[in-house]
>>> print(open('start_6.cif').read())   # mmCIF, C-alpha atoms
data_my_file
#
loop_
_atom_site.label_atom_id
_atom_site.label_comp_id
_atom_site.auth_asym_id
_atom_site.auth_seq_id
_atom_site.Cartn_x
_atom_site.Cartn_y
_atom_site.Cartn_z
CA MET A 1 7.17 -17.42 14.66
CA THR A 2 9.37 -15.58 17.18
CA ASN A 3 12.51 -16.80 15.46
CA ALA A 4 11.19 -15.70 12.06
CA LEU A 5 10.31 -12.26 13.42
CA ARG A 6 13.76 -11.91 14.96
CA LEU A 7 15.37 -12.85 11.64
CA TYR A 8 13.15 -10.37 9.78
CA MET A 9 14.16 -7.56 12.12
CA HIS A 10 17.80 -8.52 11.56
CA TYR A 11 17.26 -8.25 7.80
CA LEU A 12 15.75 -4.79 8.23
CA SER A 13 18.53 -3.56 10.50
CA GLN A 14 21.14 -4.64 7.95
CA SER A 15 19.22 -2.90 5.18
CA VAL A 16 18.96 0.33 7.16
CA ARG A 17 22.64 0.20 8.05
CA SER A 18 23.69 -0.23 4.42
CA GLN A 19 21.50 2.65 3.21
CA MET A 20 22.78 4.96 5.94
CA GLN A 21 26.28 4.60 4.48
CA TYR A 22 25.14 7.17 1.89
CA ARG A 23 23.15 9.61 3.98
CA ALA A 24 23.29 12.50 1.52
CA SER A 25 21.79 10.28 -1.16
CA PHE A 26 19.10 9.12 1.27
CA ILE A 27 18.16 12.70 2.18
CA MET A 28 18.01 13.86 -1.44
CA LEU A 29 15.96 10.86 -2.61
CA SER A 30 13.56 11.23 0.32
CA PHE A 31 13.15 14.94 -0.39
CA GLY A 32 12.53 14.11 -4.05
CA HIS A 33 9.74 11.70 -3.11
CA PHE A 34 8.27 14.35 -0.81
CA LEU A 35 8.19 16.91 -3.63
CA THR A 36 6.83 14.47 -6.21
CA THR A 37 3.89 13.41 -4.08
CA GLY A 38 3.40 17.03 -3.02
CA VAL A 39 2.86 18.00 -6.66
CA GLU A 40 0.19 15.29 -6.90
CA PHE A 41 -1.75 16.86 -4.04
CA LEU A 42 -1.38 20.33 -5.55
CA ALA A 43 -3.07 18.96 -8.66
CA ILE A 44 -5.99 17.78 -6.52
CA ALA A 45 -6.15 21.15 -4.77
CA SER A 46 -6.24 22.97 -8.11
CA LEU A 47 -9.13 20.73 -9.19
CA PHE A 48 -11.13 21.74 -6.12
CA ALA A 49 -10.20 25.38 -6.61
CA ARG A 50 -12.16 25.14 -9.85
CA PHE A 51 -15.05 22.84 -8.96
CA LYS A 52 -15.27 23.34 -5.13
CA HIS A 53 -16.54 19.82 -4.41
CA ILE A 54 -17.01 16.36 -5.96
CA GLN A 55 -20.41 14.80 -5.23
CA GLY A 56 -20.59 16.57 -1.89
CA TRP A 57 -16.97 15.89 -0.88
CA ALA A 58 -14.92 19.02 -0.19
CA LEU A 59 -11.14 19.34 -0.44
CA PRO A 60 -10.39 18.63 3.27
CA GLU A 61 -12.42 15.41 3.12
CA VAL A 62 -10.66 14.22 -0.04
CA ALA A 63 -7.35 15.27 1.56
CA PHE A 64 -8.25 12.96 4.45
CA LEU A 65 -8.62 10.07 1.96
CA TYR A 66 -5.43 11.13 0.20
CA GLY A 67 -3.36 11.20 3.38
CA LEU A 68 -4.67 7.88 4.65
CA ILE A 69 -3.99 5.97 1.42
CA ASN A 70 -0.53 7.49 0.92
CA ILE A 71 0.57 6.67 4.46
CA SER A 72 -0.53 3.06 3.94
CA PHE A 73 1.18 2.79 0.57
CA ALA A 74 4.40 4.35 1.86
CA PHE A 75 4.76 1.55 4.42
CA ALA A 76 3.87 -1.14 1.87
CA ASP A 77 6.17 0.26 -0.81
CA ALA A 78 9.09 0.42 1.63
CA ALA A 79 8.59 -3.14 2.88
CA SER A 80 7.87 -4.96 -0.41
CA ARG A 81 10.92 -4.10 -2.51
CA GLY A 82 11.97 -7.74 -2.71
CA PHE A 83 8.67 -8.73 -4.33
CA ASP A 84 8.76 -5.70 -6.62
CA ILE A 85 12.05 -6.78 -8.22
CA PHE A 86 11.30 -10.50 -8.11
CA GLY A 87 11.02 -10.80 -11.90
CA THR A 88 14.71 -10.01 -12.29
CA MET A 89 15.58 -12.66 -9.69
CA VAL A 90 13.70 -15.31 -11.68
CA LYS A 91 15.45 -14.35 -14.93
CA SER A 92 18.91 -14.34 -13.35
CA GLY A 93 18.37 -17.53 -11.33
CA ASP A 94 19.03 -15.75 -8.03
CA PHE A 95 15.82 -17.17 -6.61
CA ASP A 96 17.53 -20.58 -6.51
CA ARG A 97 19.77 -19.31 -3.72
CA LEU A 98 16.74 -18.41 -1.61
CA LEU A 99 15.37 -21.92 -2.02
CA LEU A 100 18.60 -23.40 -0.65
CA ARG A 101 18.27 -21.53 2.63
CA PRO A 102 16.27 -23.09 5.50
CA ARG A 103 13.92 -20.11 5.73
CA SER A 104 10.65 -19.07 4.10
CA THR A 105 11.21 -17.52 0.67
CA ALA A 106 8.49 -14.95 1.39
CA LEU A 107 10.31 -13.94 4.59
CA GLN A 108 13.61 -13.58 2.74
CA LEU A 109 12.04 -11.40 0.03
CA ALA A 110 10.21 -9.30 2.62
CA GLY A 111 13.53 -8.64 4.34
CA HIS A 112 15.42 -8.00 1.10
CA GLU A 113 15.31 -4.22 1.55
CA LEU A 114 13.52 -1.65 3.66
CA THR A 115 13.42 1.24 1.19
CA LEU A 116 14.00 4.19 3.50
CA ARG A 117 13.62 6.85 0.81
CA ARG A 118 9.87 6.14 0.84
CA ILE A 119 9.82 8.20 4.02
CA GLY A 120 9.34 11.20 1.72
CA ARG A 121 5.90 9.91 0.65
CA LEU A 122 5.15 8.96 4.26
CA LEU A 123 5.89 12.44 5.62
CA GLN A 124 3.92 14.09 2.84
CA GLY A 125 0.95 11.81 3.51
CA ILE A 126 1.13 12.56 7.24
CA ALA A 127 1.28 16.31 6.53
CA VAL A 128 -1.84 16.23 4.32
CA PHE A 129 -3.67 13.91 6.73
CA SER A 130 -2.86 16.20 9.68
CA TRP A 131 -4.04 19.29 7.78
CA ALA A 132 -7.27 17.56 6.77
CA SER A 133 -7.94 16.35 10.33
CA TYR A 134 -7.35 19.84 11.73
CA THR A 135 -9.49 21.55 9.09
CA LEU A 136 -12.38 19.09 9.50
CA ASP A 137 -12.23 19.49 13.29
CA ILE A 138 -12.81 15.77 13.82
CA ALA A 139 -14.08 14.76 17.24
CA TRP A 140 -11.36 12.20 17.94
CA SER A 141 -12.04 9.30 20.27
CA VAL A 142 -10.19 6.12 21.17
CA PRO A 143 -12.24 4.00 18.72
CA LYS A 144 -11.59 6.46 15.88
CA ILE A 145 -7.85 6.58 16.58
CA TYR A 146 -7.85 2.78 16.67
CA LEU A 147 -9.66 2.71 13.30
CA VAL A 148 -7.06 5.04 11.76
CA PHE A 149 -4.20 2.76 12.77
CA THR A 150 -6.02 -0.40 11.67
CA ALA A 151 -6.86 1.27 8.34
CA ILE A 152 -3.18 2.13 7.79
CA PHE A 153 -2.13 -1.39 8.75
CA GLY A 154 -4.85 -2.94 6.59
CA GLY A 155 -3.91 -0.72 3.65
CA ALA A 156 -0.26 -1.75 3.94
CA CYS A 157 -1.35 -5.42 4.00
CA LEU A 158 -3.46 -4.92 0.88
CA PHE A 159 -0.67 -3.34 -1.17
CA ILE A 160 1.90 -5.86 0.02
CA GLY A 161 -0.56 -8.58 -1.00
CA LEU A 162 -0.80 -7.06 -4.47
CA MET A 163 3.01 -7.00 -4.70
CA VAL A 164 3.11 -10.66 -3.67
CA ILE A 165 0.61 -11.57 -6.39
CA GLN A 166 2.63 -9.57 -8.91
CA ALA A 167 5.75 -11.49 -7.94
CA THR A 168 3.89 -14.82 -8.08
CA ILE A 169 2.81 -14.17 -11.67
CA ALA A 170 6.50 -13.97 -12.60
CA PHE A 171 6.82 -17.72 -11.96
CA TRP A 172 4.85 -18.26 -15.17
CA THR A 173 5.57 -15.08 -17.15
CA THR A 174 9.24 -14.67 -16.04
CA GLU A 175 8.72 -10.90 -16.25
CA SER A 176 6.57 -9.03 -13.73
CA LEU A 177 3.48 -7.75 -15.53
CA GLU A 178 3.09 -3.97 -15.73
CA LEU A 179 -0.65 -4.60 -15.60
CA MET A 180 -0.34 -5.09 -11.86
CA ASN A 181 0.81 -1.49 -11.50
CA THR A 182 -2.74 -0.44 -12.34
CA MET A 183 -3.77 -2.01 -9.06
CA THR A 184 -0.86 -0.79 -6.93
CA TYR A 185 0.15 2.70 -8.07
CA GLY A 186 -3.15 3.03 -9.92
CA GLY A 187 -4.95 1.86 -6.81
CA VAL A 188 -3.39 4.69 -4.82
CA GLU A 189 -4.68 7.20 -7.37
CA THR A 190 -8.13 5.60 -7.29
CA ALA A 191 -8.45 5.57 -3.50
CA GLN A 192 -7.64 9.27 -3.25
CA TYR A 193 -11.21 10.03 -4.28
CA PRO A 194 -14.56 8.89 -2.80
CA LEU A 195 -15.83 5.61 -4.22
CA PRO A 196 -19.28 6.85 -5.39
CA ILE A 197 -17.76 8.97 -8.19
CA TYR A 198 -16.78 5.84 -10.15
CA ARG A 199 -18.89 3.60 -12.38
CA ILE A 200 -20.68 0.62 -10.83
CA TRP A 201 -18.42 -2.07 -12.37
CA PHE A 202 -15.33 -0.15 -11.26
CA ARG A 203 -16.64 0.20 -7.70
CA LYS A 204 -17.47 -3.50 -7.51
CA PHE A 205 -14.01 -4.51 -8.75
CA PHE A 206 -12.22 -2.38 -6.17
CA THR A 207 -14.55 -3.52 -3.41
CA TYR A 208 -15.08 -7.26 -3.95
CA ILE A 209 -12.03 -8.33 -6.04
CA VAL A 210 -9.34 -5.94 -4.85
CA PRO A 211 -10.79 -4.56 -1.58
CA LEU A 212 -9.43 -1.06 -2.03
CA ALA A 213 -12.61 0.46 -0.59
CA CYS A 214 -11.72 -1.21 2.72
CA VAL A 215 -8.47 0.73 2.95
CA ASN A 216 -9.76 4.25 3.40
CA TYR A 217 -13.22 4.98 1.98
CA LEU A 218 -15.21 2.81 4.41
CA PRO A 219 -13.08 3.68 7.48
CA ALA A 220 -13.20 7.37 6.49
CA LEU A 221 -17.01 7.28 6.50
CA ALA A 222 -16.97 6.06 10.11
CA ILE A 223 -14.33 8.57 11.21
CA LEU A 224 -15.96 11.54 9.45
CA GLU A 225 -19.45 10.34 10.46
CA ARG A 226 -20.73 10.69 6.92
CA GLY A 227 -23.70 8.88 5.44
CA ASP A 228 -22.90 6.32 2.77
CA PRO A 229 -24.85 6.67 -0.52
CA LEU A 230 -23.76 3.13 -1.45
CA GLY A 231 -25.48 1.65 1.58
CA PHE A 232 -22.58 -0.21 3.25
CA PRO A 233 -23.46 -1.10 6.88
CA VAL A 234 -21.77 0.82 9.68
CA ALA A 235 -20.34 -2.42 11.12
CA LEU A 236 -18.47 -2.99 7.85
CA GLN A 237 -17.02 0.52 7.97
CA TRP A 238 -15.40 -0.31 11.31
CA SER A 239 -14.24 -3.82 10.41
CA ALA A 240 -13.23 -3.24 6.76
CA PRO A 241 -9.43 -3.11 7.37
CA LEU A 242 -9.50 -6.73 8.57
CA ILE A 243 -10.54 -7.78 5.06
CA CYS A 244 -7.22 -6.43 3.78
CA VAL A 245 -5.35 -8.64 6.25
CA ILE A 246 -7.26 -11.64 4.90
CA PHE A 247 -6.32 -10.53 1.38
CA LEU A 248 -2.61 -10.66 2.31
CA ILE A 249 -3.02 -14.14 3.80
CA ILE A 250 -4.67 -15.35 0.58
CA ALA A 251 -1.88 -13.74 -1.49
CA LEU A 252 0.76 -15.61 0.53
CA GLN A 253 -1.08 -18.89 -0.11
CA ILE A 254 -1.04 -18.11 -3.84
CA TRP A 255 2.70 -17.43 -3.48
CA LYS A 256 3.23 -20.95 -2.12
CA ILE A 257 1.50 -22.38 -5.19
CA GLY A 258 3.86 -20.38 -7.39
CA VAL A 259 6.92 -21.63 -5.52
CA ARG A 260 5.80 -25.24 -6.03
CA HIS A 261 5.57 -24.62 -9.79
CA TYR A 262 8.94 -22.89 -10.05
CA ARG A 263 11.45 -24.34 -12.49
CA SER A 264 15.10 -23.36 -12.09
CA THR A 265 16.96 -21.61 -14.91
CA GLY A 266 19.42 -24.50 -14.90
CA SER A 267 22.38 -22.10 -15.01
#
>>> encode(input="start_6.cif", output="C-alpha cells")
Amino acid sequence: MTNALRLYMHYLSQSVRSQMQYRASFIMLSFGHFLTTGVEFLAIASLFARFKHIQGWALPEVAFLYGLINISFAFADAASRGFDIFGTMVKSGDFDRLLLRPRSTALQLAGHELTLRRIGRLLQGIAVFSWASYTLDIAWSVPKIYLVFTAIFGGACLFIGLMVIQATIAFWTTESLELMNTMTYGGVETAQYPLPIYRIWFRKFFTYIVPLACVNYLPALAILERGDPLGFPVALQWSAPLICVIFLIIALQIWKIGVRHYRSTGS
C-alpha cells in the first residue's frame, strides 16, 4: 500500500510538472472554468430573485449545497481523467500497455493526469460555499467541520466511482456511454438543490442506487440543523459520506471484473 501510494504521488508530480510547462494556458483555462461555473450560480441566483425560496430553502442554503457539491466534483474531476478517456484507450489498444506493467491498472489510470485546470471550479465552489456559510451564520464546531471535510471526501469518492463504472462499461461497449454523464455532470446539477423538490422515484434512485443524497443533502441537514421532511435519521446525516466510500470500493471491484473480460485489439 505504501509503495502504491508513493508511485501514485510520483505520477501526480509528473503530471503537474508537465502542465506547468504551459503556465499561461493553465491560468486561462482555470479562469475559464471559474467563469463558466460562476455563470451557473448566477442562473440559480436569478431563479431565487424571482421565486425567493424553493420549498422553504432560501438562496444561501441552496448556495451551501451548491458549493459543497462543486468542491467535491472538482477534486473528482481532476483526479479521474484517466477513467474519463478510457474508451479511447480501449479502441486504440493502449490499455494493453498498462496490463504489461507490474502495477494495478486502476492505479495507473488514476495517476494518468491530475487536471489542474479544474482548480477554477474548485475556487468558485469554495467562494460560494464561504459566502453561504457567512450569510447563514453557522455555529461551527469541530464535529461540523469534520462533517464538511468527510462530505467533500465522500463526494469525491462517489464521482470517481461513477467514472470508474463508466470506464468499466467500455470493456463491453468499446465507447464510453454518454448516458453516464447524466449521473456525473447531471448528478452535480441535481445535488445543487434540496432532495425533497424531486419526484419520489427520482429521490429513491439518487439515494439508494447512486447515493448522491449522501454527498451534500444529508450532511447539510446536520450542519444547518434543519429538520428533514423525508424522515432520514440524524445518525445517517452524520455518517452518510461513508456510504460514498463504500460505493467507490464496489466500483473498483466491478472494474476488476471488467479487466478480466477484456479482449485485446490484437493490433
>>> atom_distance(input="start_6.cif", atom1="atom CA of Val39 of chain A", atom2="atom CA of Trp131 of chain A")
16.1 Å
>>> closest_residue(input="start_6.cif", among="A:Ile209, A:Leu107, A:Ala49, A:Leu35", to="Met9 of chain A", atoms="only C-alpha atoms")
A:Leu107
>>> resolve_selection(input="start_6.cif", expression="the PyMOL selection byres ((chain A and resi 222-229) around 8)", output="VMD selection string")
chain A and resid 138 144 147 196 218 to 221 230 to 232 234 237 to 238
>>> atom_distance(input="start_6.cif", atom1="atom CA of Met20 of chain A", atom2="atom CA of Phe95 of chain A")
26.4 Å
>>> resolve_selection(input="start_6.cif", expression="the PyMOL selection byres ((chain A and resi 129) around 8)", output="list in words")
Ala63, Phe64, Leu65, Tyr66, Gly67, Leu68, Gly125, Ile126, Ala127, Val128, Ser130, Trp131, Ala132 and Ser133 of chain A
>>> atom_distance(input="start_6.cif", atom1="atom CA of Ile119 of chain A", atom2="atom CA of Met28 of chain A")
11.4 Å
>>> closest_residue(input="start_6.cif", among="A:Ser18, A:Ser80, A:Thr135, A:Gln166", to="Glu61 of chain A", atoms="only C-alpha atoms")
A:Thr135
>>> residues_around(input="start_6.cif", residues="Gln192 of chain A", least_positions_apart="2", cutoff="7 Å", atoms="all atoms listed in the file", output="list in words")
Val62, Leu65, Tyr66, Ile69, Val188, Glu189, Thr190 and Pro194 of chain A
>>> resolve_selection(input="start_6.cif", expression="the PyMOL selection byres ((chain A and resi 76) around 12)", output="PyMOL selection string")
chain A and resi 69-75+77-84+110+113-116+118-119+121-122+152-164+184-185+188+248
